[in-house]
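Structure file data_34.cif (mmCIF, N, CA and C atoms) is printed below.
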data_start
loop_
_atom_site.label_atom_id
_atom_site.label_comp_id
_atom_site.auth_asym_id
_atom_site.auth_seq_id
_atom_site.Cartn_x
_atom_site.Cartn_y
_atom_site.Cartn_z
N MET L 287 -34.86 1.19 33.41
CA MET L 287 -34.04 1.02 34.62
C MET L 287 -34.66 -0.05 35.49
N SER L 288 -33.85 -0.98 35.88
CA SER L 288 -34.33 -2.12 36.65
C SER L 288 -34.48 -1.78 38.12
N SER L 289 -35.43 -2.42 38.78
CA SER L 289 -35.64 -2.16 40.21
C SER L 289 -34.47 -2.68 41.03
N ILE L 290 -33.77 -3.72 40.52
CA ILE L 290 -32.59 -4.21 41.23
C ILE L 290 -31.53 -3.11 41.26
N ILE L 291 -31.31 -2.45 40.14
CA ILE L 291 -30.32 -1.37 40.08
C ILE L 291 -30.71 -0.25 41.04
N ASP L 292 -31.98 0.08 41.08
CA ASP L 292 -32.45 1.15 41.97
C ASP L 292 -32.16 0.83 43.44
N SER L 293 -32.14 -0.45 43.78
CA SER L 293 -31.93 -0.82 45.18
C SER L 293 -30.46 -0.96 45.54
N LEU L 294 -29.57 -0.86 44.55
CA LEU L 294 -28.14 -1.03 44.82
C LEU L 294 -27.50 0.26 45.32
N PRO L 295 -26.40 0.13 46.08
CA PRO L 295 -25.64 1.32 46.45
C PRO L 295 -25.12 1.99 45.16
N PRO L 296 -24.95 3.31 45.15
CA PRO L 296 -24.58 4.04 43.93
C PRO L 296 -23.38 3.47 43.17
N ALA L 297 -22.29 3.14 43.84
CA ALA L 297 -21.09 2.65 43.14
C ALA L 297 -21.38 1.33 42.43
N LEU L 298 -22.12 0.45 43.08
CA LEU L 298 -22.46 -0.84 42.49
C LEU L 298 -23.44 -0.66 41.32
N ALA L 299 -24.39 0.23 41.47
CA ALA L 299 -25.35 0.51 40.40
C ALA L 299 -24.61 1.01 39.15
N LYS L 300 -23.62 1.87 39.36
CA LYS L 300 -22.84 2.43 38.25
C LYS L 300 -22.08 1.31 37.52
N ILE L 301 -21.52 0.37 38.27
CA ILE L 301 -20.80 -0.75 37.68
C ILE L 301 -21.75 -1.61 36.84
N VAL L 302 -22.92 -1.92 37.40
CA VAL L 302 -23.90 -2.74 36.69
C VAL L 302 -24.29 -2.06 35.39
N GLN L 303 -24.55 -0.75 35.44
CA GLN L 303 -24.94 -0.01 34.23
C GLN L 303 -23.82 -0.02 33.19
N ARG L 304 -22.58 0.07 33.66
CA ARG L 304 -21.43 0.04 32.74
C ARG L 304 -21.39 -1.30 32.01
N PHE L 305 -21.64 -2.39 32.71
CA PHE L 305 -21.64 -3.71 32.08
C PHE L 305 -22.84 -3.87 31.14
N GLN L 306 -23.96 -3.27 31.49
CA GLN L 306 -25.14 -3.37 30.63
C GLN L 306 -24.90 -2.69 29.28
N ARG L 307 -24.08 -1.66 29.28
CA ARG L 307 -23.78 -0.96 28.03
C ARG L 307 -22.82 -1.76 27.15
N ALA L 308 -22.05 -2.67 27.74
CA ALA L 308 -21.13 -3.52 26.99
C ALA L 308 -21.93 -4.71 26.47
N SER L 309 -22.37 -4.63 25.22
CA SER L 309 -23.32 -5.62 24.74
C SER L 309 -22.72 -6.99 24.45
N ASP L 310 -21.44 -7.06 24.01
CA ASP L 310 -20.96 -8.41 23.70
C ASP L 310 -20.04 -8.94 24.80
N PRO L 311 -20.00 -10.27 24.95
CA PRO L 311 -19.23 -10.89 26.03
C PRO L 311 -17.75 -10.48 26.06
N LYS L 312 -17.16 -10.27 24.89
CA LYS L 312 -15.74 -9.88 24.84
C LYS L 312 -15.55 -8.53 25.54
N ARG L 313 -16.44 -7.60 25.30
CA ARG L 313 -16.35 -6.27 25.96
C ARG L 313 -16.52 -6.41 27.47
N ARG L 314 -17.41 -7.30 27.89
CA ARG L 314 -17.61 -7.51 29.32
C ARG L 314 -16.34 -8.07 29.98
N TYR L 315 -15.69 -9.02 29.27
CA TYR L 315 -14.44 -9.56 29.80
C TYR L 315 -13.37 -8.48 29.89
N GLU L 316 -13.29 -7.62 28.85
CA GLU L 316 -12.31 -6.52 28.87
C GLU L 316 -12.58 -5.60 30.05
N GLN L 317 -13.85 -5.33 30.27
CA GLN L 317 -14.28 -4.48 31.38
C GLN L 317 -13.87 -5.12 32.72
N LEU L 318 -14.09 -6.42 32.82
CA LEU L 318 -13.76 -7.15 34.03
C LEU L 318 -12.24 -7.10 34.30
N ILE L 319 -11.45 -7.32 33.27
CA ILE L 319 -9.99 -7.27 33.41
C ILE L 319 -9.56 -5.87 33.84
N TRP L 320 -10.22 -4.85 33.31
CA TRP L 320 -9.93 -3.46 33.69
C TRP L 320 -10.14 -3.25 35.19
N TYR L 321 -11.21 -3.81 35.74
CA TYR L 321 -11.45 -3.69 37.20
C TYR L 321 -10.33 -4.36 37.98
N GLY L 322 -9.85 -5.49 37.48
CA GLY L 322 -8.74 -6.18 38.13
C GLY L 322 -7.47 -5.35 38.11
N GLN L 323 -7.25 -4.64 37.01
CA GLN L 323 -6.05 -3.80 36.89
C GLN L 323 -6.12 -2.57 37.79
N LYS L 324 -7.31 -2.17 38.16
CA LYS L 324 -7.48 -0.99 39.02
C LYS L 324 -7.18 -1.28 40.49
N LEU L 325 -7.13 -2.57 40.86
CA LEU L 325 -6.88 -2.92 42.26
C LEU L 325 -5.51 -2.40 42.71
N THR L 326 -5.46 -1.95 43.96
CA THR L 326 -4.17 -1.54 44.52
C THR L 326 -3.35 -2.80 44.79
N ASP L 327 -2.04 -2.63 44.86
CA ASP L 327 -1.18 -3.78 45.12
C ASP L 327 -1.55 -4.41 46.45
N PHE L 328 -1.70 -5.70 46.42
CA PHE L 328 -2.08 -6.46 47.62
C PHE L 328 -0.79 -6.88 48.33
N PRO L 329 -0.67 -6.59 49.62
CA PRO L 329 0.57 -6.95 50.32
C PRO L 329 0.74 -8.47 50.45
N GLU L 330 1.96 -8.94 50.22
CA GLU L 330 2.26 -10.38 50.36
C GLU L 330 1.90 -10.86 51.77
N THR L 331 2.04 -9.98 52.76
CA THR L 331 1.73 -10.36 54.15
C THR L 331 0.25 -10.67 54.34
N GLY L 332 -0.59 -10.20 53.40
CA GLY L 332 -2.02 -10.46 53.48
C GLY L 332 -2.41 -11.81 52.90
N LYS L 333 -1.46 -12.46 52.22
CA LYS L 333 -1.76 -13.75 51.59
C LYS L 333 -1.58 -14.87 52.60
N VAL L 334 -2.50 -14.87 53.55
CA VAL L 334 -2.50 -15.87 54.63
C VAL L 334 -3.82 -16.63 54.59
N PRO L 335 -3.86 -17.84 55.18
CA PRO L 335 -5.07 -18.67 55.10
C PRO L 335 -6.36 -17.95 55.51
N GLU L 336 -6.31 -17.10 56.56
CA GLU L 336 -7.56 -16.46 57.00
C GLU L 336 -8.10 -15.42 56.00
N ASN L 337 -7.29 -15.01 55.03
CA ASN L 337 -7.75 -14.07 54.00
C ASN L 337 -8.07 -14.75 52.68
N LYS L 338 -7.83 -16.06 52.60
CA LYS L 338 -8.07 -16.80 51.36
C LYS L 338 -9.57 -17.09 51.23
N VAL L 339 -10.07 -16.90 50.02
CA VAL L 339 -11.49 -17.18 49.77
C VAL L 339 -11.65 -18.68 49.55
N PRO L 340 -12.48 -19.33 50.38
CA PRO L 340 -12.69 -20.78 50.21
C PRO L 340 -13.54 -21.08 48.99
N GLY L 341 -13.31 -22.23 48.40
CA GLY L 341 -14.17 -22.68 47.30
C GLY L 341 -13.85 -22.08 45.96
N CYS L 342 -12.71 -21.38 45.83
CA CYS L 342 -12.32 -20.81 44.54
C CYS L 342 -11.21 -21.66 43.93
N VAL L 343 -11.32 -21.91 42.63
CA VAL L 343 -10.28 -22.64 41.92
C VAL L 343 -8.99 -21.81 41.93
N SER L 344 -9.13 -20.49 41.72
CA SER L 344 -7.99 -19.57 41.75
C SER L 344 -7.62 -19.25 43.19
N GLN L 345 -6.43 -18.73 43.36
CA GLN L 345 -6.02 -18.23 44.68
C GLN L 345 -6.60 -16.82 44.80
N VAL L 346 -7.51 -16.62 45.74
CA VAL L 346 -8.14 -15.31 45.92
C VAL L 346 -8.00 -14.91 47.38
N TYR L 347 -7.58 -13.66 47.59
CA TYR L 347 -7.41 -13.14 48.95
C TYR L 347 -8.18 -11.84 49.09
N ILE L 348 -8.82 -11.70 50.25
CA ILE L 348 -9.61 -10.50 50.56
C ILE L 348 -9.28 -10.06 51.98
N THR L 349 -9.04 -8.77 52.16
CA THR L 349 -8.94 -8.21 53.51
C THR L 349 -9.96 -7.09 53.62
N ALA L 350 -10.37 -6.83 54.84
CA ALA L 350 -11.32 -5.75 55.09
C ALA L 350 -10.93 -5.04 56.37
N ALA L 351 -11.09 -3.73 56.36
CA ALA L 351 -10.82 -2.93 57.56
C ALA L 351 -11.93 -1.89 57.67
N LEU L 352 -12.13 -1.42 58.87
CA LEU L 352 -13.15 -0.40 59.09
C LEU L 352 -12.46 0.96 59.18
N ASP L 353 -12.94 1.90 58.38
CA ASP L 353 -12.40 3.25 58.41
C ASP L 353 -13.56 4.21 58.60
N ASP L 354 -13.65 4.77 59.80
CA ASP L 354 -14.73 5.72 60.11
C ASP L 354 -16.11 5.09 59.89
N GLY L 355 -16.25 3.82 60.28
CA GLY L 355 -17.54 3.15 60.17
C GLY L 355 -17.83 2.55 58.80
N LYS L 356 -16.93 2.75 57.83
CA LYS L 356 -17.11 2.23 56.47
C LYS L 356 -16.07 1.14 56.21
N VAL L 357 -16.47 0.13 55.44
CA VAL L 357 -15.56 -0.97 55.14
C VAL L 357 -14.67 -0.60 53.96
N VAL L 358 -13.38 -0.93 54.11
CA VAL L 358 -12.41 -0.74 53.03
C VAL L 358 -11.79 -2.10 52.74
N TYR L 359 -11.99 -2.56 51.50
CA TYR L 359 -11.49 -3.86 51.09
C TYR L 359 -10.21 -3.74 50.28
N GLN L 360 -9.44 -4.82 50.33
CA GLN L 360 -8.34 -5.03 49.40
C GLN L 360 -8.45 -6.47 48.95
N GLY L 361 -8.06 -6.73 47.71
CA GLY L 361 -8.15 -8.10 47.24
C GLY L 361 -7.17 -8.38 46.13
N ASP L 362 -6.98 -9.67 45.86
CA ASP L 362 -6.07 -10.08 44.80
C ASP L 362 -6.43 -11.50 44.38
N SER L 363 -6.03 -11.85 43.16
CA SER L 363 -6.20 -13.20 42.66
C SER L 363 -5.10 -13.50 41.65
N ASP L 364 -4.79 -14.78 41.49
CA ASP L 364 -3.77 -15.17 40.52
C ASP L 364 -4.37 -15.35 39.12
N SER L 365 -5.67 -15.18 38.98
CA SER L 365 -6.35 -15.29 37.68
C SER L 365 -6.86 -13.92 37.27
N GLN L 366 -6.60 -13.55 36.01
CA GLN L 366 -7.01 -12.22 35.53
C GLN L 366 -8.51 -11.97 35.66
N LEU L 367 -9.31 -12.95 35.24
CA LEU L 367 -10.77 -12.74 35.29
C LEU L 367 -11.28 -12.73 36.72
N THR L 368 -10.75 -13.62 37.55
CA THR L 368 -11.18 -13.64 38.95
C THR L 368 -10.74 -12.35 39.64
N LYS L 369 -9.55 -11.88 39.31
CA LYS L 369 -9.08 -10.61 39.86
C LYS L 369 -10.02 -9.48 39.44
N GLY L 370 -10.57 -9.58 38.23
CA GLY L 370 -11.56 -8.61 37.76
C GLY L 370 -12.83 -8.65 38.60
N LEU L 371 -13.27 -9.86 38.95
CA LEU L 371 -14.45 -10.00 39.81
C LEU L 371 -14.18 -9.38 41.18
N VAL L 372 -12.96 -9.62 41.70
CA VAL L 372 -12.56 -9.03 42.98
C VAL L 372 -12.58 -7.50 42.85
N GLY L 373 -11.98 -6.99 41.76
CA GLY L 373 -11.93 -5.54 41.54
C GLY L 373 -13.31 -4.91 41.44
N LEU L 374 -14.21 -5.60 40.73
CA LEU L 374 -15.59 -5.13 40.61
C LEU L 374 -16.24 -5.03 41.99
N LEU L 375 -16.07 -6.07 42.79
CA LEU L 375 -16.69 -6.07 44.12
C LEU L 375 -16.03 -5.06 45.06
N VAL L 376 -14.70 -4.95 45.00
CA VAL L 376 -14.01 -3.97 45.85
C VAL L 376 -14.51 -2.57 45.51
N GLU L 377 -14.57 -2.25 44.22
CA GLU L 377 -15.04 -0.92 43.82
C GLU L 377 -16.50 -0.70 44.21
N GLY L 378 -17.32 -1.74 44.06
CA GLY L 378 -18.74 -1.61 44.35
C GLY L 378 -19.10 -1.57 45.82
N LEU L 379 -18.26 -2.20 46.66
CA LEU L 379 -18.60 -2.32 48.08
C LEU L 379 -17.80 -1.40 49.00
N ASN L 380 -16.62 -0.94 48.54
CA ASN L 380 -15.81 -0.06 49.39
C ASN L 380 -16.60 1.18 49.80
N GLY L 381 -16.48 1.54 51.07
CA GLY L 381 -17.13 2.76 51.54
C GLY L 381 -18.54 2.56 52.06
N LEU L 382 -19.02 1.32 52.01
CA LEU L 382 -20.35 1.03 52.57
C LEU L 382 -20.17 0.60 54.03
N THR L 383 -21.24 0.67 54.79
CA THR L 383 -21.18 0.20 56.17
C THR L 383 -21.31 -1.33 56.17
N PRO L 384 -20.85 -1.99 57.23
CA PRO L 384 -21.03 -3.46 57.30
C PRO L 384 -22.49 -3.86 57.12
N THR L 385 -23.40 -3.12 57.70
CA THR L 385 -24.83 -3.44 57.60
C THR L 385 -25.31 -3.38 56.14
N GLU L 386 -24.89 -2.33 55.42
CA GLU L 386 -25.29 -2.20 54.00
C GLU L 386 -24.77 -3.38 53.19
N ILE L 387 -23.55 -3.80 53.46
CA ILE L 387 -22.94 -4.90 52.72
C ILE L 387 -23.64 -6.22 53.00
N VAL L 388 -23.95 -6.46 54.27
CA VAL L 388 -24.59 -7.72 54.66
C VAL L 388 -26.02 -7.82 54.08
N GLN L 389 -26.66 -6.68 53.87
CA GLN L 389 -28.03 -6.69 53.34
C GLN L 389 -28.09 -6.92 51.82
N LEU L 390 -26.96 -6.80 51.14
CA LEU L 390 -26.95 -7.01 49.69
C LEU L 390 -27.09 -8.48 49.34
N THR L 391 -27.66 -8.73 48.17
CA THR L 391 -27.71 -10.10 47.65
C THR L 391 -26.90 -10.12 46.35
N PRO L 392 -26.29 -11.26 46.01
CA PRO L 392 -25.42 -11.29 44.83
C PRO L 392 -26.15 -11.34 43.50
N ASP L 393 -27.49 -11.24 43.50
CA ASP L 393 -28.20 -11.37 42.23
C ASP L 393 -27.97 -10.21 41.27
N PHE L 394 -27.32 -9.13 41.71
CA PHE L 394 -27.01 -8.04 40.78
C PHE L 394 -26.08 -8.52 39.65
N ILE L 395 -25.40 -9.64 39.85
CA ILE L 395 -24.50 -10.16 38.81
C ILE L 395 -25.30 -10.49 37.55
N GLN L 396 -26.56 -10.92 37.72
CA GLN L 396 -27.41 -11.20 36.55
C GLN L 396 -27.62 -9.93 35.72
N GLU L 397 -27.73 -8.81 36.42
CA GLU L 397 -27.97 -7.53 35.74
C GLU L 397 -26.78 -7.09 34.89
N THR L 398 -25.58 -7.57 35.23
CA THR L 398 -24.39 -7.19 34.46
C THR L 398 -24.29 -7.97 33.16
N GLY L 399 -24.97 -9.12 33.11
CA GLY L 399 -24.85 -9.99 31.95
C GLY L 399 -23.63 -10.89 32.06
N LEU L 400 -22.84 -10.71 33.10
CA LEU L 400 -21.62 -11.52 33.26
C LEU L 400 -21.94 -12.98 33.54
N ASN L 401 -23.05 -13.22 34.22
CA ASN L 401 -23.38 -14.60 34.60
C ASN L 401 -23.49 -15.52 33.40
N VAL L 402 -23.91 -15.00 32.25
CA VAL L 402 -24.01 -15.86 31.06
C VAL L 402 -22.64 -16.09 30.43
N SER L 403 -21.68 -15.22 30.72
CA SER L 403 -20.33 -15.35 30.16
C SER L 403 -19.40 -16.16 31.06
N LEU L 404 -19.73 -16.25 32.34
CA LEU L 404 -18.84 -16.92 33.28
C LEU L 404 -19.04 -18.43 33.27
N THR L 405 -17.94 -19.15 33.41
CA THR L 405 -18.05 -20.61 33.54
C THR L 405 -18.69 -20.89 34.91
N PRO L 406 -19.28 -22.07 35.08
CA PRO L 406 -19.89 -22.38 36.39
C PRO L 406 -18.91 -22.22 37.56
N SER L 407 -17.64 -22.60 37.35
CA SER L 407 -16.69 -22.48 38.47
C SER L 407 -16.39 -21.00 38.78
N ARG L 408 -16.36 -20.13 37.74
CA ARG L 408 -16.13 -18.70 37.99
C ARG L 408 -17.37 -18.06 38.63
N ALA L 409 -18.54 -18.47 38.18
CA ALA L 409 -19.77 -17.94 38.79
C ALA L 409 -19.82 -18.33 40.26
N ASN L 410 -19.43 -19.57 40.55
CA ASN L 410 -19.36 -20.04 41.92
C ASN L 410 -18.31 -19.25 42.70
N GLY L 411 -17.19 -18.98 42.04
CA GLY L 411 -16.13 -18.18 42.65
C GLY L 411 -16.61 -16.79 43.00
N PHE L 412 -17.38 -16.18 42.09
CA PHE L 412 -17.94 -14.85 42.36
C PHE L 412 -18.78 -14.89 43.63
N TYR L 413 -19.63 -15.90 43.73
CA TYR L 413 -20.50 -16.05 44.89
C TYR L 413 -19.66 -16.21 46.17
N ASN L 414 -18.61 -17.03 46.10
CA ASN L 414 -17.74 -17.24 47.26
C ASN L 414 -17.00 -15.97 47.67
N ILE L 415 -16.54 -15.21 46.67
CA ILE L 415 -15.86 -13.94 46.96
C ILE L 415 -16.83 -12.99 47.65
N PHE L 416 -18.04 -12.89 47.09
CA PHE L 416 -19.07 -12.00 47.65
C PHE L 416 -19.39 -12.38 49.09
N LYS L 417 -19.59 -13.69 49.33
CA LYS L 417 -19.92 -14.16 50.67
C LYS L 417 -18.77 -13.90 51.65
N THR L 418 -17.53 -14.09 51.19
CA THR L 418 -16.37 -13.82 52.04
C THR L 418 -16.31 -12.33 52.40
N MET L 419 -16.62 -11.47 51.43
CA MET L 419 -16.60 -10.03 51.69
C MET L 419 -17.67 -9.65 52.70
N GLN L 420 -18.83 -10.30 52.63
CA GLN L 420 -19.89 -10.06 53.62
C GLN L 420 -19.44 -10.52 55.01
N LYS L 421 -18.81 -11.69 55.06
CA LYS L 421 -18.33 -12.23 56.33
C LYS L 421 -17.29 -11.29 56.94
N LYS L 422 -16.38 -10.80 56.13
CA LYS L 422 -15.34 -9.90 56.62
C LYS L 422 -15.94 -8.56 57.07
N ALA L 423 -16.99 -8.11 56.40
CA ALA L 423 -17.67 -6.87 56.81
C ALA L 423 -18.27 -7.05 58.21
N LEU L 424 -18.88 -8.22 58.43
CA LEU L 424 -19.44 -8.53 59.75
C LEU L 424 -18.37 -8.58 60.83
N GLU L 425 -17.22 -9.19 60.48
CA GLU L 425 -16.12 -9.27 61.44
C GLU L 425 -15.59 -7.88 61.79
N CYS L 426 -15.63 -6.96 60.84
CA CYS L 426 -15.19 -5.58 61.10
C CYS L 426 -16.09 -4.92 62.15
N LYS L 427 -17.35 -5.31 62.09
CA LYS L 427 -18.36 -4.71 62.95
C LYS L 427 -18.19 -5.13 64.43
N LEU L 428 -17.64 -6.32 64.61
CA LEU L 428 -17.51 -6.87 65.97
C LEU L 428 -16.46 -6.14 66.80
#
Output the file's structure in the form of structure tokens.
Amino acid sequence: MSSIIDSLPPALAKIVQRFQRASDPKRRYEQLIWYGQKLTDFPETGKVPENKVPGCVSQVYITAALDDGKVVYQGDSDSQLTKGLVGLLVEGLNGLTPTEIVQLTPDFIQETGLNVSLTPSRANGFYNIFKTMQKKALECKL
């Protein structure tokens, strides 16, 4: 068990472990697409410039709201794999406090093995989605 996993919130640690068990890249992609399919329907009204993730080749939208001190995200993308990255992050970060989210670093992606399967633009997209989610968590706090 890696020390990075030990330091992650439980939902995110579970996701990382699930990807670690998927030994070949094809299984990881299937897993990623599954996370994208689990996302709730994103409202068309949320597809506005302030919810768009900058620096992504795909169209990616993220919203965040505070529910009883915990952040609740919604997200969507027009690309299946990017939508999977959004789904992974939504599942891993939902229910955490803004402070917990802001303290996370995106290096847990290395632990999933996805970083070796992702193209540079998708890896960059993952980072941009993660950073946008942190920014939105901070905005919830204000």
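Applied to the file shown here, the PyMOL selection byres (((chain L and resi 362-374 and name CA) around 6) and name CA) selects Leu318, Ile319, Tyr321, Gly322, Leu325, Gln345, Val346, Tyr347, Gly361, Leu375, Val376 and Glu377 of chain L.
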Write out, as a CSV table (one decimal), in the frame of the given file, the residues just selected, with N, CA and C atoms.
chain,number,residue,atom,x,y,z
L,318,LEU,N,-14.1,-6.4,32.8
L,318,LEU,CA,-13.8,-7.2,34.0
L,318,LEU,C,-12.2,-7.1,34.3
L,319,ILE,N,-11.4,-7.3,33.3
L,319,ILE,CA,-10.0,-7.3,33.4
L,319,ILE,C,-9.6,-5.9,33.8
L,321,TYR,N,-11.2,-3.8,35.7
L,321,TYR,CA,-11.4,-3.7,37.2
L,321,TYR,C,-10.3,-4.4,38.0
L,322,GLY,N,-9.8,-5.5,37.5
L,322,GLY,CA,-8.7,-6.2,38.1
L,322,GLY,C,-7.5,-5.4,38.1
L,325,LEU,N,-7.1,-2.6,40.9
L,325,LEU,CA,-6.9,-2.9,42.3
L,325,LEU,C,-5.5,-2.4,42.7
L,345,GLN,N,-6.4,-18.7,43.4
L,345,GLN,CA,-6.0,-18.2,44.7
L,345,GLN,C,-6.6,-16.8,44.8
L,346,VAL,N,-7.5,-16.6,45.7
L,346,VAL,CA,-8.1,-15.3,45.9
L,346,VAL,C,-8.0,-14.9,47.4
L,347,TYR,N,-7.6,-13.7,47.6
L,347,TYR,CA,-7.4,-13.1,49.0
L,347,TYR,C,-8.2,-11.8,49.1
L,361,GLY,N,-8.1,-6.7,47.7
L,361,GLY,CA,-8.2,-8.1,47.2
L,361,GLY,C,-7.2,-8.4,46.1
L,375,LEU,N,-16.1,-6.1,42.8
L,375,LEU,CA,-16.7,-6.1,44.1
L,375,LEU,C,-16.0,-5.1,45.1
L,376,VAL,N,-14.7,-5.0,45.0
L,376,VAL,CA,-14.0,-4.0,45.8
L,376,VAL,C,-14.5,-2.6,45.5
L,377,GLU,N,-14.6,-2.2,44.2
L,377,GLU,CA,-15.0,-0.9,43.8
L,377,GLU,C,-16.5,-0.7,44.2
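Between atom CA of Gln323 of chain L and atom CA of Lys417 of chain L there is a distance of 22.1 Å.
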Fill in: For Pro392 of chain L: contacts at 8 Å, all atoms listed in the file, fewer than 3 positions along chain excluded, given as a PyMOL selection string
chain L and resi 389+395-397+412-413+416-417
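Relative to atom CA of Ile387 of chain L, atom CA of Thr331 of chain L is found at 25.3 Å.
Atom CA of Arg307 of chain L lies 26.3 Å from atom C of Leu382 of chain L.
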Worksheet item: If you count all atoms listed in the file, which residues fall within 6 Å of Val358 of chain L, apart from same-chain ones fewer than 4 positions away, as an MDAnalysis selection string?
Response: chainID L and resid 349:353 380:381
Item to complete: Could you list the residues chosen by the PyMOL selection byres ((chain L and resi 287-296) around 8) in this structure as a list in words?
Response: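 Answer for the PyMOL selection byres ((chain L and resi 287-296) around 8): Ala297, Leu298, Ala299, Lys300, Ile301, Val302, Gln303, Gly378, Leu390, Asp393, Phe394 and Glu397 of chain L.
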Please identify all polymer residues lying at most 6.5 Å from the point (-7.6, -12.1, 55.6) (file coordinates), using only N, CA and C atoms, and present the result as a PDB file with N, CA and C atoms, in the frame of the given file.
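Result went into selection.pdb, see below:
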ATOM      1  N   GLY L 332      -0.590 -10.200  53.400  1.00  0.00           N
ATOM      2  CA  GLY L 332      -2.020 -10.460  53.480  1.00  0.00           C
ATOM      3  C   GLY L 332      -2.410 -11.810  52.900  1.00  0.00           C
ATOM      4  N   VAL L 334      -2.500 -14.870  53.550  1.00  0.00           N
ATOM      5  CA  VAL L 334      -2.500 -15.870  54.630  1.00  0.00           C
ATOM      6  C   VAL L 334      -3.820 -16.630  54.590  1.00  0.00           C
ATOM      7  N   PRO L 335      -3.860 -17.840  55.180  1.00  0.00           N
ATOM      8  CA  PRO L 335      -5.070 -18.670  55.100  1.00  0.00           C
ATOM      9  C   PRO L 335      -6.360 -17.950  55.510  1.00  0.00           C
ATOM     10  N   GLU L 336      -6.310 -17.100  56.560  1.00  0.00           N
ATOM     11  CA  GLU L 336      -7.560 -16.460  57.000  1.00  0.00           C
ATOM     12  C   GLU L 336      -8.100 -15.420  56.000  1.00  0.00           C
ATOM     13  N   ASN L 337      -7.290 -15.010  55.030  1.00  0.00           N
ATOM     14  CA  ASN L 337      -7.750 -14.070  54.000  1.00  0.00           C
ATOM     15  C   ASN L 337      -8.070 -14.750  52.680  1.00  0.00           C
ATOM     16  N   LYS L 338      -7.830 -16.060  52.600  1.00  0.00           N
ATOM     17  CA  LYS L 338      -8.070 -16.800  51.360  1.00  0.00           C
ATOM     18  C   LYS L 338      -9.570 -17.090  51.230  1.00  0.00           C
ATOM     19  N   ILE L 348      -8.820 -11.700  50.250  1.00  0.00           N
ATOM     20  CA  ILE L 348      -9.610 -10.500  50.560  1.00  0.00           C
ATOM     21  C   ILE L 348      -9.280 -10.060  51.980  1.00  0.00           C
ATOM     22  N   THR L 349      -9.040  -8.770  52.160  1.00  0.00           N
ATOM     23  CA  THR L 349      -8.940  -8.210  53.510  1.00  0.00           C
ATOM     24  C   THR L 349      -9.960  -7.090  53.620  1.00  0.00           C
ATOM     25  N   ALA L 350     -10.370  -6.830  54.840  1.00  0.00           N
ATOM     26  CA  ALA L 350     -11.320  -5.750  55.090  1.00  0.00           C
ATOM     27  C   ALA L 350     -10.930  -5.040  56.370  1.00  0.00           C
TER      28      ALA L 350
END
Practice prompt. List every residue of chain L that DSSP, applied to the backbone of this structure, assigns to helix (DSSP H, G or I), and report them as a PyMOL selection string.
Written response: chain L and resi 289-293+296-307+311-324+330-332+335-337+366-379+384-389+394-398+400-403+406-427
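Nearest to Ser344 of chain L of all the residues L:Gly411, L:Pro311, L:Gly399, L:Pro329 is L:Gly411, based on only N, CA and C atoms.
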Fill in: Backbone DSSP call of strand (DSSP E or B) for chain L, listed as a list of chain:residue names
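Output for chain L, strand (DSSP E or B) only: L:Lys338, L:Val346, L:Tyr347, L:Ile348, L:Thr349, L:Ala350, L:Ala351, L:Leu352, L:Asp353, L:Lys356, L:Val357, L:Val358, L:Tyr359, L:Gln360, L:Gly361, L:Asp362, L:Ser363.
Shortest atom-to-atom contact with Ser309 of chain L among L:Thr326, L:Thr398, L:Val339, L:Lys333: L:Thr398, counting only C-alpha atoms.
Distance check against Gln306 of chain L using only N, CA and C atoms: of L:Val343, L:Leu428, L:Leu400, L:Met419, the minimum falls on L:Leu400.
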